[in-house]
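Enquirer: Got a structure here, written out as structure tokens. Questions coming.
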Amino acid sequence: MATRLRGLALLPLWRRRIPRYPVYWHGDPQLQVVLPHFWMKLVKPSRDIPSDQARFFVHPQMSKIDIKNYLEKIYKIPVLNVRTKVMAGGDIKHPTRGHVMAKEDDYKVAFVQLGDGVTFEFPEIFKEIKSPAEKQVAEIKQLNRADMENEQKYWDKLSVPVWFR
């Protein structure tokens, strides 16, 4: 009868220790990994970066080699260089008193330089979606612009009434 650690089952995946792969001995069956233990999240950079670079939030236990292998083997993306940086989590402040209650978890950021002329542009997903108020403001601006152009077109006849022009 196998006992199960209840505390380990309650830990989130990114907090759990990744088990080491078993050592391969000649004659053993090959290891088959269906899903990776790690995760990566593509993040839009806060400033403009070259098109041959990408920024990821990665599992804290991933090394540079793991990141490179993850992208090359799973997604078949050629990787030239990988740089990682552990970023400190921010402070969680009390909503009314303003003092620090807790600290957010630290996270790891990977800066990946793609190879072989591969480029990546982060897609603009919400560029075309506009609220009704924004549409009305755009229509008003367009009408004002048309009026200004009309006034500039007939600048010499402004003293004459509109119905007579």
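Following the order of the structure tokens, first chain is A, next is B, and so on, with residues numbered from 1 inside each chain and ligands from 1 in the order they appear.
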How would you write, as number ranges by chain, the set of residues in chain A that DSSP gives as helix (DSSP H, G or I)?

Expert: A: 6-10, 13-15, 64-74, 132-153, 155-157, 162-164

Enquirer: Show which residues sit within 12 Å of A:Asn81, as a list of chain:residue names. Count only C-alpha atoms, and ignore same-chain residues fewer than 5 positions away.

Expert: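 The residues satisfying every condition are A:Asp52, A:Gln53, A:Ala54, A:Lys64, A:Ile65, A:Ile67, A:Lys68, A:Asn69, A:Leu71, A:Glu72, A:Ala110, A:Phe111, A:Val112, A:Gln113, A:Leu114, A:Gly115, A:Asp116.
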
Enquirer: Output N, CA, C and O atoms of each residue in that selection to a file, as a PDB file, in the first residue's frame.

Expert:
ATOM      1  N   ASP A  52      14.833  39.293 -33.688  1.00  0.00           N
ATOM      2  CA  ASP A  52      15.378  37.941 -33.541  1.00  0.00           C
ATOM      3  C   ASP A  52      15.520  37.544 -32.073  1.00  0.00           C
ATOM      4  O   ASP A  52      16.201  36.567 -31.760  1.00  0.00           O
ATOM      5  N   GLN A  53      14.874  38.270 -31.162  1.00  0.00           N
ATOM      6  CA  GLN A  53      14.911  37.933 -29.748  1.00  0.00           C
ATOM      7  C   GLN A  53      13.501  37.763 -29.213  1.00  0.00           C
ATOM      8  O   GLN A  53      12.554  38.343 -29.727  1.00  0.00           O
ATOM      9  N   ALA A  54      13.379  36.939 -28.150  1.00  0.00           N
ATOM     10  CA  ALA A  54      12.095  36.717 -27.493  1.00  0.00           C
ATOM     11  C   ALA A  54      12.328  36.666 -25.993  1.00  0.00           C
ATOM     12  O   ALA A  54      13.420  36.328 -25.528  1.00  0.00           O
ATOM     13  N   LYS A  64      19.833  27.210 -18.551  1.00  0.00           N
ATOM     14  CA  LYS A  64      19.937  27.708 -19.924  1.00  0.00           C
ATOM     15  C   LYS A  64      19.857  26.557 -20.928  1.00  0.00           C
ATOM     16  O   LYS A  64      19.247  26.672 -21.986  1.00  0.00           O
ATOM     17  N   ILE A  65      20.481  25.446 -20.586  1.00  0.00           N
ATOM     18  CA  ILE A  65      20.477  24.279 -21.479  1.00  0.00           C
ATOM     19  C   ILE A  65      19.067  23.709 -21.591  1.00  0.00           C
ATOM     20  O   ILE A  65      18.628  23.316 -22.680  1.00  0.00           O
ATOM     21  N   ILE A  67      16.275  25.375 -21.302  1.00  0.00           N
ATOM     22  CA  ILE A  67      15.489  26.304 -22.122  1.00  0.00           C
ATOM     23  C   ILE A  67      15.794  26.095 -23.600  1.00  0.00           C
ATOM     24  O   ILE A  67      14.895  26.023 -24.438  1.00  0.00           O
ATOM     25  N   LYS A  68      17.076  25.976 -23.921  1.00  0.00           N
ATOM     26  CA  LYS A  68      17.476  25.780 -25.316  1.00  0.00           C
ATOM     27  C   LYS A  68      16.917  24.460 -25.857  1.00  0.00           C
ATOM     28  O   LYS A  68      16.345  24.417 -26.951  1.00  0.00           O
ATOM     29  N   ASN A  69      17.055  23.380 -25.091  1.00  0.00           N
ATOM     30  CA  ASN A  69      16.532  22.082 -25.531  1.00  0.00           C
ATOM     31  C   ASN A  69      15.011  22.099 -25.647  1.00  0.00           C
ATOM     32  O   ASN A  69      14.450  21.498 -26.564  1.00  0.00           O
ATOM     33  N   LEU A  71      13.018  24.595 -26.445  1.00  0.00           N
ATOM     34  CA  LEU A  71      12.597  25.273 -27.668  1.00  0.00           C
ATOM     35  C   LEU A  71      13.005  24.511 -28.925  1.00  0.00           C
ATOM     36  O   LEU A  71      12.263  24.479 -29.904  1.00  0.00           O
ATOM     37  N   GLU A  72      14.185  23.922 -28.910  1.00  0.00           N
ATOM     38  CA  GLU A  72      14.670  23.213 -30.109  1.00  0.00           C
ATOM     39  C   GLU A  72      13.968  21.879 -30.313  1.00  0.00           C
ATOM     40  O   GLU A  72      13.619  21.530 -31.435  1.00  0.00           O
ATOM     41  N   ALA A 110      13.843  34.542 -19.143  1.00  0.00           N
ATOM     42  CA  ALA A 110      14.826  34.074 -20.124  1.00  0.00           C
ATOM     43  C   ALA A 110      14.758  34.959 -21.360  1.00  0.00           C
ATOM     44  O   ALA A 110      13.675  35.197 -21.897  1.00  0.00           O
ATOM     45  N   PHE A 111      15.910  35.456 -21.787  1.00  0.00           N
ATOM     46  CA  PHE A 111      16.023  36.237 -23.011  1.00  0.00           C
ATOM     47  C   PHE A 111      16.675  35.328 -24.043  1.00  0.00           C
ATOM     48  O   PHE A 111      17.830  34.939 -23.895  1.00  0.00           O
ATOM     49  N   VAL A 112      15.936  34.983 -25.086  1.00  0.00           N
ATOM     50  CA  VAL A 112      16.388  34.001 -26.073  1.00  0.00           C
ATOM     51  C   VAL A 112      16.669  34.709 -27.389  1.00  0.00           C
ATOM     52  O   VAL A 112      15.828  35.455 -27.900  1.00  0.00           O
ATOM     53  N   GLN A 113      17.868  34.456 -27.938  1.00  0.00           N
ATOM     54  CA  GLN A 113      18.204  34.976 -29.262  1.00  0.00           C
ATOM     55  C   GLN A 113      18.031  33.839 -30.260  1.00  0.00           C
ATOM     56  O   GLN A 113      18.657  32.786 -30.138  1.00  0.00           O
ATOM     57  N   LEU A 114      17.155  34.055 -31.238  1.00  0.00           N
ATOM     58  CA  LEU A 114      16.834  33.027 -32.221  1.00  0.00           C
ATOM     59  C   LEU A 114      17.901  33.004 -33.296  1.00  0.00           C
ATOM     60  O   LEU A 114      18.513  34.019 -33.614  1.00  0.00           O
ATOM     61  N   GLY A 115      18.130  31.840 -33.884  1.00  0.00           N
ATOM     62  CA  GLY A 115      19.173  31.691 -34.888  1.00  0.00           C
ATOM     63  C   GLY A 115      18.623  31.434 -36.273  1.00  0.00           C
ATOM     64  O   GLY A 115      17.424  31.287 -36.489  1.00  0.00           O
ATOM     65  N   ASP A 116      19.522  31.367 -37.246  1.00  0.00           N
ATOM     66  CA  ASP A 116      19.218  31.033 -38.649  1.00  0.00           C
ATOM     67  C   ASP A 116      18.176  31.947 -39.282  1.00  0.00           C
ATOM     68  O   ASP A 116      17.284  31.500 -40.008  1.00  0.00           O
TER      69      ASP A 116
END

Enquirer: Of the residues A:Ala102, A:Gly117, A:Gln136, A:Val43, which is the one nearest to A:Gly89, using only C-alpha atoms?

Expert: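 Closest to A:Gly89, using only C-alpha atoms: A:Ala102.
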
Enquirer: Excluding A:Ala88 and any residue of its chain fewer than 4 positions from it, enumerate the residues within 12 Å of it, using only C-alpha atoms, and give them as number ranges by chain.

Expert: A: 60, 103-109

Enquirer: What would the file look like if the residues just selected were written as an mmCIF file, in the first residue's frame with all heavy atoms?

Expert:
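And here's result_32.cif as it stands now:
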data_model
loop_
_atom_site.group_PDB
_atom_site.id
_atom_site.type_symbol
_atom_site.label_atom_id
_atom_site.label_comp_id
_atom_site.auth_asym_id
_atom_site.auth_seq_id
_atom_site.Cartn_x
_atom_site.Cartn_y
_atom_site.Cartn_z
ATOM 1 N N PRO A 60 11.349 28.195 -12.435
ATOM 2 C CA PRO A 60 12.545 28.637 -11.712
ATOM 3 C C PRO A 60 13.698 27.637 -11.720
ATOM 4 O O PRO A 60 14.863 28.038 -11.568
ATOM 5 C CB PRO A 60 12.049 28.851 -10.282
ATOM 6 C CG PRO A 60 10.580 28.961 -10.376
ATOM 7 C CD PRO A 60 10.161 28.239 -11.603
ATOM 8 N N LYS A 103 5.369 39.288 0.373
ATOM 9 C CA LYS A 103 6.211 39.477 -0.795
ATOM 10 C C LYS A 103 5.793 38.467 -1.853
ATOM 11 O O LYS A 103 5.543 37.306 -1.546
ATOM 12 C CB LYS A 103 7.676 39.269 -0.419
ATOM 13 C CG LYS A 103 8.657 39.554 -1.515
ATOM 14 C CD LYS A 103 10.073 39.366 -0.980
ATOM 15 C CE LYS A 103 11.095 39.594 -2.048
ATOM 16 N NZ LYS A 103 11.077 38.631 -3.102
ATOM 17 N N GLU A 104 5.700 38.903 -3.111
ATOM 18 C CA GLU A 104 5.371 37.985 -4.198
ATOM 19 C C GLU A 104 6.559 37.069 -4.467
ATOM 20 O O GLU A 104 7.701 37.393 -4.131
ATOM 21 C CB GLU A 104 5.032 38.769 -5.462
ATOM 22 C CG GLU A 104 3.758 39.574 -5.359
ATOM 23 C CD GLU A 104 3.499 40.405 -6.598
ATOM 24 O OE1 GLU A 104 4.402 40.518 -7.452
ATOM 25 O OE2 GLU A 104 2.397 40.960 -6.698
ATOM 26 N N ASP A 105 6.283 35.939 -5.072
ATOM 27 C CA ASP A 105 7.351 34.992 -5.395
ATOM 28 C C ASP A 105 8.291 35.578 -6.433
ATOM 29 O O ASP A 105 7.883 36.335 -7.317
ATOM 30 C CB ASP A 105 6.761 33.685 -5.931
ATOM 31 C CG ASP A 105 5.999 32.922 -4.872
ATOM 32 O OD1 ASP A 105 6.305 33.098 -3.679
ATOM 33 O OD2 ASP A 105 5.107 32.141 -5.239
ATOM 34 N N ASP A 106 9.565 35.206 -6.337
ATOM 35 C CA ASP A 106 10.526 35.586 -7.368
ATOM 36 C C ASP A 106 10.220 34.789 -8.632
ATOM 37 O O ASP A 106 9.637 33.700 -8.579
ATOM 38 C CB ASP A 106 11.946 35.288 -6.904
ATOM 39 C CG ASP A 106 12.348 36.114 -5.694
ATOM 40 O OD1 ASP A 106 11.651 37.101 -5.407
ATOM 41 O OD2 ASP A 106 13.341 35.778 -5.048
ATOM 42 N N TYR A 107 10.611 35.318 -9.777
ATOM 43 C CA TYR A 107 10.384 34.619 -11.030
ATOM 44 C C TYR A 107 11.620 34.735 -11.905
ATOM 45 O O TYR A 107 12.454 35.604 -11.718
ATOM 46 C CB TYR A 107 9.139 35.155 -11.752
ATOM 47 C CG TYR A 107 9.160 36.633 -12.036
ATOM 48 C CD1 TYR A 107 9.588 37.120 -13.265
ATOM 49 C CD2 TYR A 107 8.742 37.550 -11.082
ATOM 50 C CE1 TYR A 107 9.604 38.474 -13.528
ATOM 51 C CE2 TYR A 107 8.751 38.908 -11.339
ATOM 52 C CZ TYR A 107 9.186 39.362 -12.559
ATOM 53 O OH TYR A 107 9.201 40.695 -12.819
ATOM 54 N N LYS A 108 11.732 33.808 -12.849
ATOM 55 C CA LYS A 108 12.896 33.749 -13.722
ATOM 56 C C LYS A 108 12.499 34.181 -15.126
ATOM 57 O O LYS A 108 11.459 33.763 -15.641
ATOM 58 C CB LYS A 108 13.441 32.319 -13.757
ATOM 59 C CG LYS A 108 14.814 32.184 -14.356
ATOM 60 C CD LYS A 108 15.286 30.755 -14.221
ATOM 61 C CE LYS A 108 16.765 30.727 -13.989
ATOM 62 N NZ LYS A 108 17.261 29.371 -13.793
ATOM 63 N N VAL A 109 13.325 35.033 -15.726
ATOM 64 C CA VAL A 109 13.086 35.537 -17.067
ATOM 65 C C VAL A 109 14.205 35.026 -17.967
ATOM 66 O O VAL A 109 15.375 35.058 -17.586
ATOM 67 C CB VAL A 109 13.065 37.081 -17.079
ATOM 68 C CG1 VAL A 109 12.802 37.598 -18.481
ATOM 69 C CG2 VAL A 109 12.032 37.609 -16.126
#

Enquirer: Separation of atom CA of A:Thr84 and atom CA of A:Leu11, in Å?

Expert: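 We find that atom CA of A:Thr84 and atom CA of A:Leu11 lie 24.7 Å from each other.
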
Enquirer: Please return as a PyMOL selection string: the residues of stretch 34-144 of chain A that backbone DSSP assigns to strand (DSSP E).

Expert: chain A and resi 40-42+53-58+79-87+91-93+100-103+107-114

Enquirer: Could you state the separation of atom CA of A:Gln61 and atom CA of A:Arg15 in Å, given to one decimal place?

Expert: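 For atom CA of A:Gln61 relative to atom CA of A:Arg15, the distance reads 9.3 Å.
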
Enquirer: Pick out the residues sitting within 9 Å of A:Val118, and hand them over as number ranges by chain; count only C-alpha atoms, and ignore anything fewer than 5 positions along from it in its own chain.

Expert: A: 51-52, 77-78

Enquirer: Atom CA of A:Leu158 and atom CA of A:Leu143, how far apart in Å?

Expert: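 Atom CA of A:Leu158 lies at a distance of 18.6 Å from atom CA of A:Leu143.
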
Enquirer: From the options A:Tyr70, A:Tyr154, A:Phe126, A:Trp39, which residue's atoms come nearest to A:Val82, counting only C-alpha atoms?

Expert: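 Closest candidate: A:Tyr70.
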